[in-house]
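Pasting protein.pdb here (PDB, C-alpha atoms):
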ATOM      1  CA  MET A  69      24.406  14.125 -33.578
ATOM      2  CA  ASP A  70      25.226  13.224 -29.989
ATOM      3  CA  ALA A  71      25.871   9.694 -31.231
ATOM      4  CA  ILE A  72      28.946  10.930 -33.111
ATOM      5  CA  TRP A  73      30.687  12.399 -30.067
ATOM      6  CA  LEU A  74      29.545   9.482 -27.908
ATOM      7  CA  GLY A  75      31.136   7.142 -30.437
ATOM      8  CA  VAL A  76      34.383   9.131 -30.343
ATOM      9  CA  LEU A  77      34.487   8.924 -26.537
ATOM     10  CA  ILE A  78      33.821   5.187 -26.608
ATOM     11  CA  LEU A  79      36.586   4.791 -29.194
ATOM     12  CA  VAL A  80      39.003   6.724 -26.964
ATOM     13  CA  SER A  81      38.050   4.456 -24.057
ATOM     14  CA  GLY A  82      38.604   1.397 -26.241
ATOM     15  CA  VAL A  83      42.038   2.555 -27.365
ATOM     16  CA  SER A  84      42.989   3.244 -23.736
ATOM     17  CA  ALA A  85      41.750  -0.208 -22.742
ATOM     18  CA  TRP A  86      43.691  -1.942 -25.511
ATOM     19  CA  SER A  87      46.943  -0.072 -24.925
ATOM     20  CA  GLY A  88      46.623  -0.477 -21.163
ATOM     21  CA  ALA A  89      46.008  -4.209 -21.373
ATOM     22  CA  LEU A  90      48.978  -4.583 -23.717
ATOM     23  CA  ALA A  91      51.215  -2.658 -21.307
ATOM     24  CA  VAL A  92      50.123  -4.859 -18.387
ATOM     25  CA  ARG A  93      50.863  -8.033 -20.355
ATOM     26  CA  GLU A  94      54.303  -6.789 -21.346
ATOM     27  CA  ALA A  95      55.075  -5.767 -17.765
ATOM     28  CA  ARG A  96      54.265  -9.258 -16.521
ATOM     29  CA  GLY A  97      56.587 -10.818 -19.056
ATOM     30  CA  ALA A  98      59.483  -8.425 -18.488
ATOM     31  CA  PRO A  99      59.151  -5.800 -15.739
ATOM     32  CA  PRO A 100      59.903  -2.393 -17.292
ATOM     33  CA  ALA A 101      62.587  -0.026 -16.107
ATOM     34  CA  GLU A 102      61.326   2.343 -13.458
ATOM     35  CA  LEU A 103      60.123   5.632 -14.868
ATOM     36  CA  THR A 104      62.159   8.688 -13.997
ATOM     37  CA  ALA A 105      60.597  11.700 -12.301
ATOM     38  CA  ALA A 106      60.855  13.653 -15.569
ATOM     39  CA  GLU A 107      59.073  10.888 -17.489
ATOM     40  CA  LYS A 108      56.281  10.785 -14.925
ATOM     41  CA  ARG A 109      55.830  14.539 -15.002
ATOM     42  CA  SER A 110      55.605  14.366 -18.798
ATOM     43  CA  ILE A 111      52.950  11.650 -18.546
ATOM     44  CA  TYR A 112      51.002  13.687 -16.001
ATOM     45  CA  ARG A 113      51.097  16.779 -18.229
ATOM     46  CA  ARG A 114      50.053  14.904 -21.373
ATOM     47  CA  GLY A 115      47.280  13.103 -19.516
ATOM     48  CA  SER A 116      45.983  16.385 -18.101
ATOM     49  CA  ALA A 117      46.042  18.043 -21.524
ATOM     50  CA  MET A 118      44.075  15.194 -23.099
ATOM     51  CA  LEU A 119      41.449  15.243 -20.340
ATOM     52  CA  TRP A 120      40.957  18.999 -20.562
ATOM     53  CA  MET A 121      40.686  18.749 -24.343
ATOM     54  CA  LEU A 122      37.995  16.052 -24.164
ATOM     55  CA  ALA A 123      36.084  18.046 -21.555
ATOM     56  CA  ALA A 124      36.368  21.282 -23.573
ATOM     57  CA  VAL A 125      35.135  19.676 -26.795
ATOM     58  CA  THR A 126      32.267  18.072 -24.863
ATOM     59  CA  LEU A 127      31.232  21.451 -23.451
ATOM     60  CA  VAL A 128      31.440  23.141 -26.863
ATOM     61  CA  TRP A 129      29.462  20.309 -28.454
ATOM     62  CA  TRP A 130      26.780  20.664 -25.783
ATOM     63  CA  VAL A 131      26.478  24.443 -26.115
ATOM     64  CA  LEU A 132      26.429  24.378 -29.924
ATOM     65  CA  ALA A 133      23.500  21.978 -29.696
ATOM     66  CA  GLY A 134      21.595  24.776 -27.946
ATOM     67  CA  ARG A 135      21.520  23.229 -24.473
ATOM     68  CA  ASP A 136      22.393  24.890 -21.199
ATOM     69  CA  LEU A 137      25.279  23.640 -19.066
ATOM     70  CA  ALA A 138      22.994  22.848 -16.134
ATOM     71  CA  SER A 139      21.482  20.015 -18.185
ATOM     72  CA  LEU A 140      25.013  18.602 -18.451
ATOM     73  CA  GLY A 141      25.166  18.400 -14.660
ATOM     74  CA  LEU A 142      27.253  21.528 -14.123
ATOM     75  CA  ALA A 143      24.914  23.107 -11.582
ATOM     76  CA  ALA A 144      26.247  22.423  -8.093
ATOM     77  CA  PRO A 145      24.191  21.506  -4.990
ATOM     78  CA  ARG A 146      24.785  23.866  -2.067
ATOM     79  CA  TRP A 147      26.749  21.351  -0.014
ATOM     80  CA  THR A 148      29.269  20.775  -2.837
ATOM     81  CA  TRP A 149      31.316  23.860  -2.059
ATOM     82  CA  PRO A 150      31.739  23.197   1.682
ATOM     83  CA  ALA A 151      32.825  19.690   0.700
ATOM     84  CA  ALA A 152      35.239  21.167  -1.824
ATOM     85  CA  GLY A 153      36.613  23.490   0.871
ATOM     86  CA  ALA A 154      37.196  20.556   3.189
ATOM     87  CA  GLY A 155      38.852  18.735   0.309
ATOM     88  CA  LEU A 156      41.095  21.705  -0.387
ATOM     89  CA  ALA A 157      42.178  21.731   3.247
ATOM     90  CA  LEU A 158      43.038  18.054   2.920
ATOM     91  CA  VAL A 159      45.047  18.726  -0.246
ATOM     92  CA  VAL A 160      47.005  21.460   1.536
ATOM     93  CA  TRP A 161      47.752  19.063   4.367
ATOM     94  CA  LEU A 162      48.870  16.336   1.959
ATOM     95  CA  ALA A 163      51.096  18.773   0.079
ATOM     96  CA  ALA A 164      52.684  19.908   3.348
ATOM     97  CA  ASP A 165      53.157  16.310   4.400
ATOM     98  CA  THR A 166      55.076  15.501   1.224
ATOM     99  CA  ALA A 167      57.746  17.993   2.289
ATOM    100  CA  ARG A 168      58.673  15.792   5.233
ATOM    101  CA  GLN A 169      60.971  13.195   3.681
ATOM    102  CA  THR A 170      61.268  10.890   6.662
ATOM    103  CA  ALA A 171      61.601   7.127   7.021
ATOM    104  CA  PRO A 172      61.074   4.965   3.902
ATOM    105  CA  SER A 173      58.445   2.290   3.607
ATOM    106  CA  ARG A 174      58.789  -0.694   5.914
ATOM    107  CA  ILE A 175      56.465  -2.872   3.871
ATOM    108  CA  SER A 176      58.716  -5.575   2.435
ATOM    109  CA  GLY A 177      58.225  -6.251  -1.259
ATOM    110  CA  THR A 178      55.349  -3.799  -1.647
ATOM    111  CA  ARG A 179      57.279  -1.099  -3.452
ATOM    112  CA  GLU A 180      58.549  -3.326  -6.256
ATOM    113  CA  ARG A 181      55.148  -4.945  -6.771
ATOM    114  CA  TRP A 182      53.390  -1.568  -6.856
ATOM    115  CA  ARG A 183      56.029  -0.175  -9.216
ATOM    116  CA  ILE A 184      55.278  -2.919 -11.735
ATOM    117  CA  GLN A 185      51.493  -2.752 -11.364
ATOM    118  CA  ASN A 186      51.281   1.055 -11.136
ATOM    119  CA  PRO A 187      54.345   2.485 -12.911
ATOM    120  CA  TYR A 188      52.865   5.993 -13.021
ATOM    121  CA  ILE A 189      52.274   6.361  -9.269
ATOM    122  CA  PRO A 190      54.319   9.152  -7.626
ATOM    123  CA  VAL A 191      57.003   7.995  -5.205
ATOM    124  CA  SER A 192      58.461  11.358  -4.180
ATOM    125  CA  GLY A 193      57.179  14.700  -2.981
ATOM    126  CA  THR A 194      58.032  16.367  -6.293
ATOM    127  CA  GLU A 195      56.233  13.689  -8.276
ATOM    128  CA  PHE A 196      53.197  13.897  -5.996
ATOM    129  CA  ARG A 197      52.877  17.631  -6.474
ATOM    130  CA  SER A 198      52.931  17.139 -10.265
ATOM    131  CA  PHE A 199      50.506  14.240  -9.941
ATOM    132  CA  ALA A 200      48.072  16.507  -8.097
ATOM    133  CA  GLY A 201      47.495  18.439 -11.337
ATOM    134  CA  LEU A 202      46.547  15.212 -13.113
ATOM    135  CA  ALA A 203      44.227  14.250 -10.243
ATOM    136  CA  VAL A 204      42.327  17.531 -10.574
ATOM    137  CA  SER A 205      42.215  17.206 -14.375
ATOM    138  CA  ALA A 206      40.887  13.642 -14.149
ATOM    139  CA  GLY A 207      38.310  14.541 -11.523
ATOM    140  CA  ILE A 208      36.871  17.373 -13.592
ATOM    141  CA  GLY A 209      37.431  16.094 -17.135
ATOM    142  CA  GLU A 210      36.317  12.505 -16.625
ATOM    143  CA  GLU A 211      33.229  13.509 -14.650
ATOM    144  CA  ILE A 212      32.107  15.908 -17.387
ATOM    145  CA  VAL A 213      32.672  13.297 -20.095
ATOM    146  CA  TYR A 214      31.592  10.030 -18.465
ATOM    147  CA  ARG A 215      29.061  11.175 -15.870
ATOM    148  CA  GLY A 216      27.860  14.428 -17.428
ATOM    149  CA  PHE A 217      27.655  13.898 -21.175
ATOM    150  CA  MET A 218      27.305  10.127 -21.397
ATOM    151  CA  ILE A 219      24.639   9.813 -18.710
ATOM    152  CA  ALA A 220      22.641  12.781 -20.046
ATOM    153  CA  VAL A 221      22.659  11.411 -23.597
ATOM    154  CA  LEU A 222      21.871   7.833 -22.606
ATOM    155  CA  ARG A 223      19.067   8.891 -20.268
ATOM    156  CA  ALA A 224      17.507  10.890 -23.114
ATOM    157  CA  TRP A 225      17.686   7.831 -25.354
ATOM    158  CA  LEU A 226      16.672   5.190 -22.803
ATOM    159  CA  GLY A 227      13.923   7.049 -20.974
ATOM    160  CA  PRO A 228      13.392   8.172 -17.361
ATOM    161  CA  GLY A 229      12.502   4.790 -15.841
ATOM    162  CA  TRP A 230      14.785   2.933 -13.432
ATOM    163  CA  GLU A 231      15.870   0.530 -16.180
ATOM    164  CA  GLY A 232      16.981   3.418 -18.370
ATOM    165  CA  GLY A 233      18.695   5.067 -15.413
ATOM    166  CA  ALA A 234      20.561   1.882 -14.529
ATOM    167  CA  LEU A 235      21.792   1.430 -18.102
ATOM    168  CA  ALA A 236      22.667   5.124 -18.392
ATOM    169  CA  VAL A 237      24.903   4.754 -15.327
ATOM    170  CA  GLY A 238      26.159   1.232 -15.987
ATOM    171  CA  LEU A 239      27.307   1.591 -19.581
ATOM    172  CA  PRO A 240      29.559   4.621 -18.956
ATOM    173  CA  ALA A 241      30.915   2.803 -15.893
ATOM    174  CA  LEU A 242      31.990  -0.090 -18.126
ATOM    175  CA  PHE A 243      33.713   2.260 -20.565
ATOM    176  CA  PHE A 244      35.351   4.147 -17.691
ATOM    177  CA  GLY A 245      36.598   0.934 -16.082
ATOM    178  CA  ALA A 246      37.982  -0.346 -19.381
ATOM    179  CA  ALA A 247      39.881   2.917 -19.903
ATOM    180  CA  HIS A 248      41.835   2.096 -16.710
ATOM    181  CA  ALA A 249      43.131  -1.225 -18.034
ATOM    182  CA  ALA A 250      46.721  -0.045 -17.538
ATOM    183  CA  GLN A 251      46.113  -0.483 -13.789
ATOM    184  CA  GLY A 252      45.318  -4.190 -14.145
ATOM    185  CA  TRP A 253      42.033  -5.931 -13.484
ATOM    186  CA  ARG A 254      41.849  -4.586  -9.930
ATOM    187  CA  GLY A 255      42.129  -1.063 -11.312
ATOM    188  CA  VAL A 256      39.397  -1.761 -13.872
ATOM    189  CA  ILE A 257      37.024  -3.090 -11.198
ATOM    190  CA  GLY A 258      37.827  -0.252  -8.812
ATOM    191  CA  ALA A 259      37.332   2.408 -11.481
ATOM    192  CA  ALA A 260      34.056   0.866 -12.645
ATOM    193  CA  GLY A 261      32.827   0.619  -9.052
ATOM    194  CA  GLY A 262      33.638   4.264  -8.400
ATOM    195  CA  ALA A 263      31.946   5.219 -11.664
ATOM    196  CA  LEU A 264      28.749   3.479 -10.550
ATOM    197  CA  VAL A 265      28.719   5.385  -7.260
ATOM    198  CA  TRP A 266      29.453   8.742  -8.892
ATOM    199  CA  GLY A 267      26.969   8.000 -11.679
ATOM    200  CA  PHE A 268      24.116   7.412  -9.254
ATOM    201  CA  MET A 269      25.147  10.646  -7.522
ATOM    202  CA  VAL A 270      24.479  12.402 -10.827
ATOM    203  CA  ILE A 271      21.077  10.727 -11.105
ATOM    204  CA  GLU A 272      20.140  11.730  -7.549
ATOM    205  CA  THR A 273      21.567  15.268  -7.454
ATOM    206  CA  GLY A 274      21.468  16.257 -11.125
ATOM    207  CA  SER A 275      25.062  17.466 -10.774
ATOM    208  CA  VAL A 276      28.521  16.126 -11.576
ATOM    209  CA  TRP A 277      30.216  18.287  -8.924
ATOM    210  CA  PRO A 278      29.797  15.939  -5.944
ATOM    211  CA  GLY A 279      31.446  13.257  -8.059
ATOM    212  CA  VAL A 280      34.198  15.685  -9.055
ATOM    213  CA  VAL A 281      35.001  16.366  -5.395
ATOM    214  CA  PHE A 282      35.123  12.690  -4.422
ATOM    215  CA  HIS A 283      36.970  11.720  -7.601
ATOM    216  CA  VAL A 284      39.729  14.303  -7.088
ATOM    217  CA  LEU A 285      40.120  13.391  -3.421
ATOM    218  CA  TRP A 286      40.308   9.682  -4.220
ATOM    219  CA  ASP A 287      43.007  10.168  -6.863
ATOM    220  CA  LEU A 288      44.972  12.439  -4.539
ATOM    221  CA  PHE A 289      44.693   9.907  -1.751
ATOM    222  CA  MET A 290      46.009   7.094  -3.950
ATOM    223  CA  GLY A 291      48.877   9.272  -5.156
ATOM    224  CA  TRP A 292      49.673  10.224  -1.570
ATOM    225  CA  LEU A 293      49.769   6.559  -0.570
ATOM    226  CA  GLY A 294      52.316   5.952  -3.297
ATOM    227  CA  PHE A 295      54.488   8.745  -1.976
ATOM    228  CA  ARG A 296      54.167   7.790   1.675
ATOM    229  CA  PHE A 297      54.725   4.055   1.393
ATOM    230  CA  LEU A 298      56.672   3.526  -1.805
ATOM    231  CA  ARG A 299      59.270   6.288  -1.810
ATOM    232  CA  ARG A 300      62.902   5.310  -2.038
ATOM    233  CA  PRO A 301      65.021   4.900   1.076
ATOM    234  CA  PRO A 302      67.588   7.720   1.475
ATOM    235  CA  THR A 303      70.380   5.367   0.352
ATOM    236  CA  GLU A 304      68.636   4.957  -3.048
ATOM    237  CA  SER A 305      68.237   8.675  -3.741
TER
END
Could I get this structure in the form of structure tokens?
Amino acid sequence: MDAIWLGVLILVSGVSAWSGALAVREARGAPPAELTAAEKRSIYRRGSAMLWMLAAVTLVWWVLAGRDLASLGLAAPRWTWPAAGAGLALVVWLAADTARQTAPSRISGTRERWRIQNPYIPVSGTEFRSFAGLAVSAGIGEEIVYRGFMIAVLRAWLGPGWEGGALAVGLPALFFGAAHAAQGWRGVIGAAGGALVWGFMVIETGSVWPGVVFHVLWDLFMGWLGFRFLRRPPTES
């Protein structure tokens, strides 16, 4: 039965890859109009809702199959929570930093190039604070789906050896990378690389929570970079 939900998740990844690749191709041919703050917030909310829905259905599916949540990687090593506390302190600092609307970016040409390649990146303090909700949703939802469920199911099918472990980590990493096609080929490679690291964390620790912490912090960091370096000069506001 796990094959059914695994197939659904792979299909969702494939649809994301196809639509993302199409959007990138269209953007190269005719750069799109810059998204408004309201449009970005809507995208962040819809993305968060979808991720929580996928994670919730995965959890329900797992429990209805008679398995405990620890076998899905939801038991946390002791050091996870101190790391999460340090991460929370960083998030508070980033949020406070976004309130200081000082000098605009001095990197010539970067803002326009980033806007085309990453149209959803926040470029203002308000957008960043909304983006933070998506970062948390992605860190938790994607880790449960791609590193928790997929790795657990594939390891059960492929066996406990290193070959099975490598495939159980590598295949979800490919699906995860493909789902980030909207970020261009660099985004696909970066996402797949991160997925490999977080996947082997699951193999070594038996928990998705270390990956959740690093995943959330990475997404927040990238969103913060967008705000810090790509925000509009005061004359454009």
Check your understanding: Any chance you could work out the residue set of the PyMOL selection byres ((chain A and resi 138) around 12) here, as JSON, numbers by chain?
Key -> {"A": [127, 130, 131, 135, 136, 137, 139, 140, 141, 142, 143, 144, 145, 212, 216, 217, 220, 270, 273, 274, 275, 276, 277]}
Point to revise | Closest of A:Phe295, A:Phe199, A:Val83, A:Gly252 to Ala106 in chain A - atom-to-atom distances counting all atoms listed in the file | key: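 Distance minimum relative to Ala106 in chain A lands on A:Phe199.
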Review point. Can you list, as a list of chain:residue names, every protein, DNA or RNA residue that comes within 10 Å of Thr104 in chain A when you count all atoms listed in the file, leaving out same-chain residues fewer than 5 positions away?
Key: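 After dropping sequence-adjacent residues, the list is A:Arg109, A:Ser110, A:Tyr188, A:Glu195.
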Check your understanding: Residues picked by the PyMOL selection byres ((chain A and resi 124) around 12) here, as a list in words?
Key -> Ala117, Met118, Leu119, Trp120, Met121, Leu122, Ala123, Val125, Thr126, Leu127, Val128, Trp129, Trp130, Val131, Ser205, Ile208, Gly209, Glu210, Ile212, Val213 and Phe217 of chain A
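The nearest approach to Glu272 in chain A among the residues A:Gly233, A:Gly227, A:Pro240, A:Gly255, with all atoms listed in the file taken into account, belongs to A:Gly233.
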Revision key, fill the gap. Students should find that CA of Met69 in chain A and CA of Ala133 in chain A are spaced 8.8 Å
Exercise for review: For the structure shown, which residues end up in the PyMOL selection byres ((chain A and resi 288-290) around 8)? Put them as a PyMOL selection string, please?
Suggested key: chain A and resi 159+199-200+203+284-287+291-294
